[in-house]
Structures are given as structure tokens and as C-alpha cells.
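data_26.txt follows (compact mmCIF, C-alpha atoms and all ligand atoms):
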# COMPACT_ATOMS: atom_id res chain seq x y z
CA MET A 151 55.80 80.76 113.39
CA SER A 152 57.92 83.34 111.55
CA PHE A 153 60.96 82.55 113.66
CA PRO A 154 63.85 82.85 111.12
CA GLN A 155 62.58 86.04 109.50
CA GLN A 156 62.18 87.78 112.84
CA ARG A 157 65.60 86.73 114.00
CA LEU A 158 67.38 88.47 111.13
CA ARG A 159 65.65 91.77 111.87
CA ARG A 160 65.93 91.76 115.64
CA LEU A 161 69.60 92.66 116.01
CA ARG A 162 69.40 95.43 113.40
CA ARG A 163 66.73 97.39 115.24
CA THR A 164 68.72 100.16 116.95
CA PRO A 165 72.13 101.76 116.39
CA ALA A 166 73.35 100.39 119.73
CA LEU A 167 72.30 96.83 118.84
CA ARG A 168 74.02 97.17 115.47
CA ARG A 169 77.18 98.45 117.15
CA LEU A 170 77.09 95.56 119.60
CA VAL A 171 77.07 92.89 116.90
CA ALA A 172 79.21 94.61 114.26
CA GLU A 173 81.84 92.18 112.96
CA THR A 174 84.10 94.82 111.48
CA ARG A 175 85.29 97.79 113.50
CA LEU A 176 87.25 100.32 111.56
CA GLY A 177 89.48 102.45 113.78
CA VAL A 178 92.18 105.07 113.44
CA ASP A 179 94.76 102.38 114.24
CA ASP A 180 93.99 100.63 110.97
CA LEU A 181 94.96 103.55 108.76
CA VAL A 182 98.08 104.76 106.98
CA ALA A 183 98.15 108.11 105.14
CA PRO A 184 100.07 108.28 101.84
CA LEU A 185 101.78 111.68 101.58
CA PHE A 186 103.72 113.39 98.78
CA VAL A 187 106.68 115.70 99.34
CA ARG A 188 108.11 117.72 96.47
CA GLU A 189 111.53 119.23 96.08
CA GLY A 190 111.95 122.90 95.16
CA ILE A 191 108.51 124.35 95.95
CA ASP A 192 107.59 127.10 98.42
CA GLU A 193 103.89 126.34 98.76
CA PRO A 194 101.96 123.05 98.79
CA GLN A 195 100.66 122.22 95.32
CA PRO A 196 97.20 120.70 94.89
CA VAL A 197 96.93 117.50 92.86
CA VAL A 198 94.01 118.16 90.52
CA SER A 199 92.97 114.53 90.08
CA LEU A 200 93.18 113.86 93.86
CA PRO A 201 90.95 116.48 95.51
CA GLY A 202 92.21 117.31 99.01
CA VAL A 203 95.66 115.80 98.36
CA VAL A 204 98.70 118.04 97.90
CA GLN A 205 102.37 117.80 97.06
CA HIS A 206 103.86 119.03 100.33
CA THR A 207 106.83 121.23 101.04
CA ARG A 208 109.11 119.89 103.78
CA GLU A 209 107.54 122.36 106.18
CA SER A 210 103.91 121.62 105.30
CA LEU A 211 104.65 117.89 105.49
CA ARG A 212 106.03 118.31 108.99
CA ARG A 213 102.88 120.13 110.06
CA GLU A 214 100.56 117.62 108.42
CA VAL A 215 102.26 114.62 110.01
CA ALA A 216 102.24 116.29 113.44
CA GLU A 217 98.49 116.81 113.07
CA LEU A 218 97.97 113.22 111.93
CA ALA A 219 99.92 112.01 114.97
CA ASP A 220 97.66 114.16 117.17
CA LEU A 221 94.65 112.49 115.54
CA GLY A 222 96.11 109.14 116.58
CA LEU A 223 97.15 107.88 113.16
CA PRO A 224 99.82 105.19 113.65
CA ALA A 225 101.68 105.63 110.36
CA VAL A 226 102.33 107.58 107.18
CA ILE A 227 103.98 106.49 103.92
CA LEU A 228 106.07 109.00 101.99
CA PHE A 229 106.51 109.47 98.24
CA GLY A 230 109.07 111.91 96.86
CA VAL A 231 108.80 114.16 93.83
CA PRO A 232 112.33 115.22 92.86
CA GLU A 233 113.21 118.35 90.91
CA HIS A 234 115.44 116.42 88.50
CA LYS A 235 114.91 112.96 87.09
CA ASP A 236 117.51 110.78 85.35
CA ALA A 237 117.90 107.29 83.90
CA GLU A 238 119.12 105.74 87.18
CA GLY A 239 116.66 107.55 89.42
CA SER A 240 119.58 108.85 91.45
CA GLY A 241 117.37 111.07 93.62
CA ALA A 242 115.91 107.96 95.22
CA SER A 243 119.18 107.08 96.96
CA ASP A 244 120.72 110.55 97.34
CA PRO A 245 121.30 111.21 101.07
CA ASP A 246 119.98 114.72 100.39
CA GLY A 247 117.13 113.48 98.18
CA ILE A 248 113.73 114.86 99.07
CA VAL A 249 112.38 111.77 100.84
CA GLN A 250 115.55 111.31 102.87
CA LEU A 251 115.33 114.95 104.02
CA ALA A 252 111.66 114.53 104.85
CA ILE A 253 112.30 111.35 106.86
CA ARG A 254 114.97 113.19 108.88
CA ASP A 255 112.61 116.11 109.50
CA LEU A 256 109.90 113.81 110.82
CA ARG A 257 112.27 111.77 112.92
CA GLU A 258 113.69 114.92 114.51
CA GLY A 259 110.30 116.53 115.04
CA LEU A 260 108.21 113.55 116.11
CA GLY A 261 110.56 110.83 117.33
CA ASP A 262 108.67 107.55 117.56
CA ARG A 263 105.18 109.07 117.86
CA ILE A 264 104.26 107.91 114.36
CA VAL A 265 105.64 105.18 112.11
CA VAL A 266 107.46 106.62 109.11
CA MET A 267 107.28 104.40 106.05
CA ALA A 268 108.83 105.22 102.69
CA ASP A 269 107.80 103.89 99.31
CA LEU A 270 110.88 102.27 97.80
CA CYS A 271 110.87 102.46 94.01
CA LEU A 272 112.55 104.31 91.17
CA ASP A 273 109.63 105.47 89.05
CA GLU A 274 109.20 108.85 90.74
CA TYR A 275 112.91 109.51 90.09
CA THR A 276 113.53 108.13 86.59
CA ASP A 277 113.17 110.19 83.42
CA HIS A 278 111.68 107.17 81.58
CA GLY A 279 109.09 106.58 84.34
CA HIS A 280 109.74 102.87 84.84
CA CYS A 281 110.15 101.30 88.28
CA GLY A 282 113.60 99.97 87.45
CA LEU A 283 116.65 100.48 85.25
CA VAL A 284 115.93 100.11 81.55
CA THR A 285 118.21 98.29 79.08
CA SER A 286 119.13 99.69 75.65
CA ALA A 287 116.43 97.39 74.27
CA GLY A 288 113.89 99.24 76.40
CA THR A 289 113.04 96.48 78.87
CA VAL A 290 113.38 96.70 82.63
CA ASP A 291 116.51 95.00 83.95
CA ASN A 292 115.31 93.16 87.06
CA ASP A 293 118.66 92.18 88.58
CA ALA A 294 120.47 95.48 87.98
CA THR A 295 117.48 97.21 89.57
CA LEU A 296 117.88 95.16 92.75
CA GLU A 297 121.25 96.80 93.37
CA ARG A 298 119.64 100.21 93.09
CA TYR A 299 116.84 99.20 95.48
CA ALA A 300 119.48 98.11 98.02
CA GLU A 301 121.07 101.57 97.77
CA VAL A 302 117.72 103.28 98.22
CA ALA A 303 116.97 101.13 101.29
CA ILE A 304 120.28 102.14 102.89
CA ALA A 305 119.66 105.83 102.16
CA GLN A 306 116.19 105.62 103.72
CA ALA A 307 117.53 103.69 106.71
CA LEU A 308 120.31 106.22 107.29
CA ALA A 309 117.68 108.95 107.30
CA GLY A 310 115.79 107.07 110.02
CA VAL A 311 112.93 105.30 108.27
CA ASP A 312 110.95 102.70 110.26
CA VAL A 313 109.62 100.72 107.30
CA CYS A 314 110.84 100.41 103.69
CA ALA A 315 108.02 99.60 101.29
CA PRO A 316 109.29 98.25 97.96
CA SER A 317 106.65 98.80 95.28
CA GLY A 318 108.50 98.01 92.05
CA MET A 319 107.50 94.33 91.69
CA MET A 320 111.02 93.21 90.79
CA ASP A 321 111.65 89.52 91.53
CA GLY A 322 113.89 89.14 94.58
CA GLN A 323 113.49 92.72 95.77
CA VAL A 324 112.62 91.86 99.36
CA LEU A 325 115.67 89.62 99.81
CA ALA A 326 117.99 92.19 98.22
CA ILE A 327 116.69 94.91 100.53
CA ARG A 328 116.69 92.74 103.66
CA GLU A 329 120.28 91.62 103.06
CA ALA A 330 121.46 95.16 102.37
CA LEU A 331 119.79 96.46 105.53
CA ASP A 332 121.22 93.66 107.68
CA ASP A 333 124.73 94.07 106.23
CA GLU A 334 124.68 97.72 107.30
CA ALA A 335 123.33 96.88 110.79
CA PHE A 336 119.81 98.18 110.07
CA GLU A 337 118.13 95.04 111.39
CA GLN A 338 115.45 97.16 113.07
CA VAL A 339 114.14 98.54 109.77
CA ALA A 340 111.07 96.57 108.68
CA VAL A 341 109.96 95.72 105.15
CA LEU A 342 106.38 96.13 103.95
CA ALA A 343 106.34 94.46 100.54
CA TYR A 344 103.90 95.50 97.84
CA SER A 345 103.68 91.80 97.02
CA ALA A 346 100.48 91.41 95.03
CA LYS A 347 100.51 94.56 92.98
CA TYR A 348 98.45 94.54 89.83
CA ALA A 349 99.04 96.37 86.55
CA SER A 350 95.94 98.41 87.30
CA ALA A 351 94.32 101.29 85.47
CA LEU A 352 93.57 102.80 88.89
CA TYR A 353 96.98 104.46 89.41
CA GLY A 354 96.37 107.37 87.02
CA PRO A 355 95.89 110.15 89.59
CA PHE A 356 98.95 108.94 91.54
CA ARG A 357 101.07 109.41 88.45
CA ASP A 358 99.83 113.02 88.32
CA ALA A 359 100.80 113.40 91.97
CA VAL A 360 104.38 112.27 91.34
CA ASP A 361 104.71 113.71 87.81
CA VAL A 362 105.35 110.33 86.22
CA GLU A 363 104.77 109.54 82.60
CA ILE A 364 106.00 106.23 81.21
CA VAL A 365 108.15 106.73 78.13
CA ASP A 366 106.72 105.86 74.67
CA GLY A 367 103.26 105.26 76.07
CA GLY A 368 104.62 102.18 77.86
CA ASP A 369 103.07 100.30 80.73
CA ARG A 370 104.12 98.10 83.63
CA ARG A 371 102.54 94.83 82.55
CA ALA A 372 105.89 93.09 82.17
CA TYR A 373 106.50 93.36 85.93
CA GLN A 374 103.18 94.10 87.65
CA GLN A 375 100.50 91.41 87.81
CA ASP A 376 97.81 90.54 85.33
CA TRP A 377 94.44 91.34 86.89
CA ARG A 378 92.93 88.16 85.57
CA ASN A 379 95.04 86.12 88.02
CA VAL A 380 94.83 85.27 91.68
CA ARG A 381 96.98 82.15 92.09
CA GLU A 382 100.11 84.05 91.15
CA SER A 383 99.33 86.52 93.92
CA MET A 384 99.65 83.72 96.42
CA GLU A 385 103.03 82.81 94.94
CA GLU A 386 104.17 86.43 95.13
CA LEU A 387 102.97 86.80 98.71
CA ARG A 388 104.53 83.57 99.91
CA ALA A 389 107.80 84.36 98.14
CA ASP A 390 108.00 87.76 99.83
CA VAL A 391 107.33 86.30 103.27
CA GLY A 392 110.04 83.72 102.55
CA GLU A 393 112.46 86.50 101.57
CA GLY A 394 111.89 88.22 104.89
CA ALA A 395 108.99 90.65 104.41
CA ASP A 396 107.54 91.68 107.78
CA MET A 397 104.23 92.72 106.24
CA VAL A 398 102.78 92.19 102.79
CA MET A 399 100.39 94.24 100.70
CA VAL A 400 97.67 93.75 98.13
CA LYS A 401 97.08 96.63 95.73
CA PRO A 402 94.66 98.05 94.61
CA ALA A 403 92.11 97.12 97.27
CA LEU A 404 88.48 96.96 96.13
CA THR A 405 88.97 95.12 92.89
CA TYR A 406 91.11 92.56 94.75
CA LEU A 407 89.12 91.78 97.90
CA ASP A 408 89.33 88.09 97.01
CA VAL A 409 93.11 88.31 97.06
CA ILE A 410 93.06 90.00 100.47
CA THR A 411 90.78 87.29 101.85
CA ARG A 412 92.98 84.50 100.53
CA ALA A 413 96.12 86.18 101.80
CA ARG A 414 94.57 86.56 105.26
CA ALA A 415 93.54 82.90 105.28
CA GLU A 416 96.87 81.50 104.14
CA LEU A 417 99.46 83.78 105.76
CA ASP A 418 100.17 84.83 109.33
CA VAL A 419 101.96 88.14 108.77
CA PRO A 420 100.07 91.45 108.86
CA ILE A 421 98.27 92.11 105.57
CA ALA A 422 98.06 95.65 104.21
CA ALA A 423 95.84 96.82 101.37
CA TYR A 424 96.23 100.00 99.35
CA HIS A 425 93.03 101.84 98.44
CA VAL A 426 94.71 103.63 95.55
CA SER A 427 94.45 106.99 93.87
CA GLY A 428 91.89 105.94 91.25
CA GLU A 429 89.63 104.42 93.89
CA TYR A 430 89.75 107.67 95.88
CA ALA A 431 89.30 109.86 92.80
CA MET A 432 86.19 107.96 91.67
CA VAL A 433 84.48 108.52 95.00
CA HIS A 434 85.27 112.24 94.87
CA ALA A 435 84.24 112.67 91.25
CA ALA A 436 80.86 111.04 91.79
CA ALA A 437 80.30 112.90 95.07
CA GLU A 438 81.09 116.25 93.42
CA ARG A 439 78.29 115.59 90.93
CA GLY A 440 75.97 114.82 93.78
CA TRP A 441 75.57 111.26 92.54
CA ILE A 442 76.74 109.56 95.72
CA ASP A 443 77.33 110.52 99.35
CA GLY A 444 81.14 110.57 99.31
CA ASP A 445 81.64 110.33 103.08
CA ALA A 446 79.33 107.35 103.37
CA VAL A 447 80.90 105.58 100.41
CA ALA A 448 84.41 106.18 101.76
CA LEU A 449 83.49 104.61 105.10
CA GLU A 450 81.75 101.69 103.38
CA GLN A 451 84.66 101.02 101.03
CA ILE A 452 87.42 101.17 103.63
CA SER A 453 85.35 99.05 106.02
CA ALA A 454 84.92 96.48 103.23
CA VAL A 455 88.69 96.29 102.78
CA LYS A 456 89.03 95.57 106.47
CA ARG A 457 86.16 93.06 106.42
CA ALA A 458 87.91 91.20 103.59
CA GLY A 459 90.86 90.67 105.91
CA ALA A 460 93.25 93.62 105.74
CA ASP A 461 94.92 94.58 109.02
CA VAL A 462 96.26 97.86 107.65
CA VAL A 463 94.69 100.13 105.01
CA LEU A 464 96.66 102.74 103.11
CA THR A 465 94.17 105.37 101.99
CA TYR A 466 93.97 109.01 100.94
CA PHE A 467 90.86 109.12 103.16
CA ALA A 468 93.02 108.50 106.25
CA ARG A 469 92.85 112.02 107.65
CA HIS A 470 89.15 112.37 106.91
CA LEU A 471 88.37 109.00 108.51
CA ALA A 472 90.62 109.71 111.50
CA GLU A 473 88.61 112.88 112.11
CA ALA A 474 85.29 111.14 111.58
CA LEU A 475 86.20 108.20 113.84
CA GLN A 476 87.32 110.38 116.82
C1 LIG A 501 105.20 102.96 92.39
C2 LIG A 501 103.87 103.16 93.02
C3 LIG A 501 102.66 103.40 92.38
C4 LIG A 501 101.69 103.56 93.38
C5 LIG A 501 102.34 103.41 94.60
N1 LIG A 501 103.69 103.14 94.35
C6 LIG A 501 102.34 103.58 90.94
C7 LIG A 501 102.61 102.58 89.93
O1 LIG A 501 102.96 101.44 90.19
O2 LIG A 501 102.43 102.95 88.79
C8 LIG A 501 100.25 103.85 93.13
C9 LIG A 501 99.46 104.37 94.28
C10 LIG A 501 98.15 104.97 93.92
O3 LIG A 501 97.65 104.89 92.78
O4 LIG A 501 97.56 105.56 94.83
N2 LIG A 501 106.21 103.72 93.01
As a first step, turn the structure in this file into C-alpha cells.
Ligand code: PBG
Amino acid sequence: MSFPQQRLRRLRRTPALRRLVAETRLGVDDLVAPLFVREGIDEPQPVVSLPGVVQHTRESLRREVAELADLGLPAVILFGVPEHKDAEGSGASDPDGIVQLAIRDLREGLGDRIVVMADLCLDEYTDHGHCGLVTSAGTVDNDATLERYAEVAIAQALAGVDVCAPSGMMDGQVLAIREALDDEAFEQVAVLAYSAKYASALYGPFRDAVDVEIVDGGDRRAYQQDWRNVRESMEELRADVGEGADMVMVKPALTYLDVITRARAELDVPIAAYHVSGEYAMVHAAAERGWIDGDAVALEQISAVKRAGADVVLTYFARHLAEALQ
């Protein structure tokens, strides 16, 4: 008898059978849209290396987020592009900084219909392009940076953010932010920590989107993780949960599916994964040449991130997938 061979085929026979036994079900509720808002522009500006992604004006951001809420998306994450950058990244904590204004706009316009997250970092706001304050010797000063992150968290909380998402990979950042929020009676503001964030070559298009160039051809390897390692990710993730993170993130996504799976197995907080700019750009670039079916690859990739164990996926495909999954 050919019993085992037949069994494997039987449940793949029709679309309805395949739907019935599918282990992974990607839905709109799984998705978070990363959005950029830029100070001092009158029209949305396309980001050349991220086809379909723009730097929004306050007004176009408001419209976009209202449409995403109508599509059922549960959350967005905001990144600001300030007009002026300086050594301290002062725009990040300015009450009238672009992200703070955008958070207020969304809160006023949409109330609690959609979760408003804000990336919490300095690199979009510093003239040297690093995620923290830089010493005269040119290295990032971890502990001085924590004080700045606390100020940014308070500014975002005052504007009405639901979730602060620290992405700078400074040691102790979650505790510093949690304590600052609690001291100012912002206990309701949650923290999504970019805990296992690798020094990846896949962030290039993002740096175009936020106009960031690291001074002197530098890189972030002294604070982001080495992509040869996985055990240190578990230390980072556990440390952030211990410091009070409500959710933790692995980033990028596809090159780190093993990290997502381990995180899911060993932790009990929601796990997010960030399908980053380079991952998105590669799909588009190959699809434009007609080499792959971009829509199919997008669905396959984001489903794989969920299958690996992510509860939440941040992706530039969020709007497209939300429309496709209606
Ligand atoms: C830092 C930050 C980065 C991304 C999100 N937050 C860039 C970096 O660490 O260099 C990258 C996201 C992407 O590539 O889509 N504020």
C-alpha cells in the first residue's frame, strides 16, 4: 500500500482543504505600519529606495492613518525627520518636535481607534547620525544617552503616545524609560523594546527615508548586535523583559527567524519582528525587473515571520497586505 505518500497529498488537494489545515493565519491584526513624518514640507516626498513609501506631511499622515484604521490595522509606528539636526538630537524631545506634533494630531483625530507607537531614538535627530550622544573621542556614551532617552519618552508621553519603542540598543534603556514614565505618572504608556537588533546591512533604505548618514563612514557595530550571534539575543531579550518591557522585538526579520523562534519558545511576552527597509526594497527591486512575483513573495515572507513565532510584524507591506487580506 502507498499509505504515507497518499496521506501527504490528500489535505493539499483543494484551496478549502488547505485553508482548513493551515497552521499559520496571517491577518490584519498582526500588522504594524512604519510611517515617516517630515518637518517643513508641503507635499509628501517619495523615498526612492522604498517604492510606495513617502515622508508624510502632518496632514497626509493624518489621512493615511485614518485610512489604515478603516482597513482595520491595529497600530502604526512613527519616525520623525526634523528640519534641523544637532549633536544632542534635541528635536527628539522638543514638545513641538515633528513626532510629538504628529502624535497629538493622531490622538485628536482618531482617539483610541489605532495604537500610536513612536520609535524612540536619537539618530534621526543627530547631526552625527549615531543613536546616542557621542563623546569627544567619537564613541557613543551609553549612560549619558539614557538621560536623553528618558526626556524623549516624556515628550512622547505628553503628546499622547500609546507605546514608546526604544531602538538605540543602549544598555539599560528600557529601565531608564520605564522609570521616567512612571515618575511622571505615565504608567499607562507601554514599552516595545527593540531588544535583539542586529548591526544589519538591511537598514540602508531606511536611512534614506530619515536622511541619516553616520559621520566619518561610521557604523553601529559597537552597540547593535553581531549577526553571527544568537545567544546574546536571548540575554538582550531577557534583560529587557526584566527591565519592564511590555513587548520585545527582533530585527531584521527574515535573516533572524531562528532568533524569533527561540524568543517565542523562551519568553511569554508578545514578540514583534521588524521586516525592515532592505527586506522590503529587495522584494520591490526584483519584482520591478519581473524576476519574482512581488505580491506573492511579500505574503510568503510575512507569513514566514509569523510562522517562526512573531505575534506582531512591523512591515512596509502593511497597507498592501491589509488591503489584500480584507
Ligand atoms: C533607529 C532605527 C533604524 C531602523 C529603525 N529604527 C535604523 C538603524 O538602526 O540604523 C531601521 C528600520 C528599517 O530599516 O526599516 N532609529
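Contacts with ligand LIG 501 (chain A) are defined as any residue atom within 7 Å of a ligand atom, using all atoms listed in the file; the residues meeting this criterion are Asp269, Leu270, Cys271, Leu272, Asp273, Glu274, Cys281, Ser317, Gly318, Leu352, Tyr353, Gly354, Pro355, Phe356, Arg357, His425, Val426, Ser427 and Gly428 of chain A.
Using all atoms listed in the file, the contacts of Ala446 in chain A at a cut-off of 12 Å, with sequence neighbours closer than 6 positions omitted, comprise Val433, His434, Ala437, Ile452, Ser453, Phe467, His470, Leu471 and Ala474 of chain A.
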Prev. selection, C-alpha atoms, output as a PDB file, in the frame of the given file:
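Produced file out26.pdb, reproduced below:
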ATOM      1  CA  VAL A 433      84.480 108.520  95.000  1.00  0.00           C
ATOM      2  CA  HIS A 434      85.270 112.240  94.870  1.00  0.00           C
ATOM      3  CA  ALA A 437      80.300 112.900  95.070  1.00  0.00           C
ATOM      4  CA  ILE A 452      87.420 101.170 103.630  1.00  0.00           C
ATOM      5  CA  SER A 453      85.350  99.050 106.020  1.00  0.00           C
ATOM      6  CA  PHE A 467      90.860 109.120 103.160  1.00  0.00           C
ATOM      7  CA  HIS A 470      89.150 112.370 106.910  1.00  0.00           C
ATOM      8  CA  LEU A 471      88.370 109.000 108.510  1.00  0.00           C
ATOM      9  CA  ALA A 474      85.290 111.140 111.580  1.00  0.00           C
TER      10      ALA A 474
END
Quiz item: What lies within 12 Å of Ala268 in chain A using all atoms listed in the file, ignoring chain neighbours under 2 positions off, as a ChimeraX atom specification?
Solution: /A:182-187,225-230,242-243,248-254,256,265-266,270-271,302-307,309-317,339-344
Practice problem: Quick one: pull the distance between CA of Ala448 in chain A and CA of Ser199 in chain A, Å, one decimal. | Solution: 16.7 Å
Quiz item: Quick one: residues within 10 Å of Leu218 in chain A, all atoms listed in the file counted, chain neighbours fewer than 4 positions away excluded, as an MDAnalysis selection string?
Solution: chainID A and resid 182:183 212:214 222:226 264 468:469 472:473
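Between CA of Asp293 in chain A and CA of Gly367 in chain A there is a distance of 23.8 Å.
Around Ala294 in chain A, within 12 Å and counting only C-alpha atoms, the residues found are Glu238, Cys281, Gly282, Leu283, Val284, Thr285, Thr289, Tyr299, Ala300, Glu301, Met320, Asp321, Gly322, Gln323 and Ala326 of chain A, once anything fewer than 5 positions away on its own chain is removed.
Note that CA of Val447 in chain A and CA of Asp180 in chain A are 17.5 Å apart.
Between Ala395 in chain A and the candidates A:Leu417, A:Ala454, A:Val178, A:Ala372, the tightest atom-to-atom separation, counting all atoms listed in the file, involves A:Leu417.
Once Pro194 in chain A and its same-chain neighbours fewer than 6 positions away are set aside, Val204, Gln205, His206, Thr207 and Ser210 of chain A remain within 8 Å of it when counting only C-alpha atoms.
Environment of (100.5, 96.4, 89.5): residues at most 10 Å away, judged by only C-alpha atoms, are Ser317, Gly318, Met319, Tyr344, Ser345, Ala346, Lys347, Tyr348, Ala349, Ser350, Ala351, Leu352, Tyr353, Asp369, Arg370, Arg371, Ala372, Tyr373, Gln374, Gln375, Asp376, Trp377, Val400, Lys401 and Pro402 of chain A.
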Exercise. Compare A:Val455, A:Ala219, A:Asp277, A:Leu325 by their minimum atom-to-atom distance to Glu297 in chain A, counting all atoms listed in the file, and give me the closest one.
Key: A:Leu325
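Among the candidate residues A:Met397, A:Ala359, A:Val365, A:Arg168, the one lying nearest to Gly288 in chain A is A:Val365, with distances computed using only C-alpha atoms.
Of the residues under consideration (A:Leu167, A:Val391, A:Ala237, A:Leu181), A:Val391 shows the shortest atom-to-atom contact distance to Arg328 in chain A when counting all atoms listed in the file.
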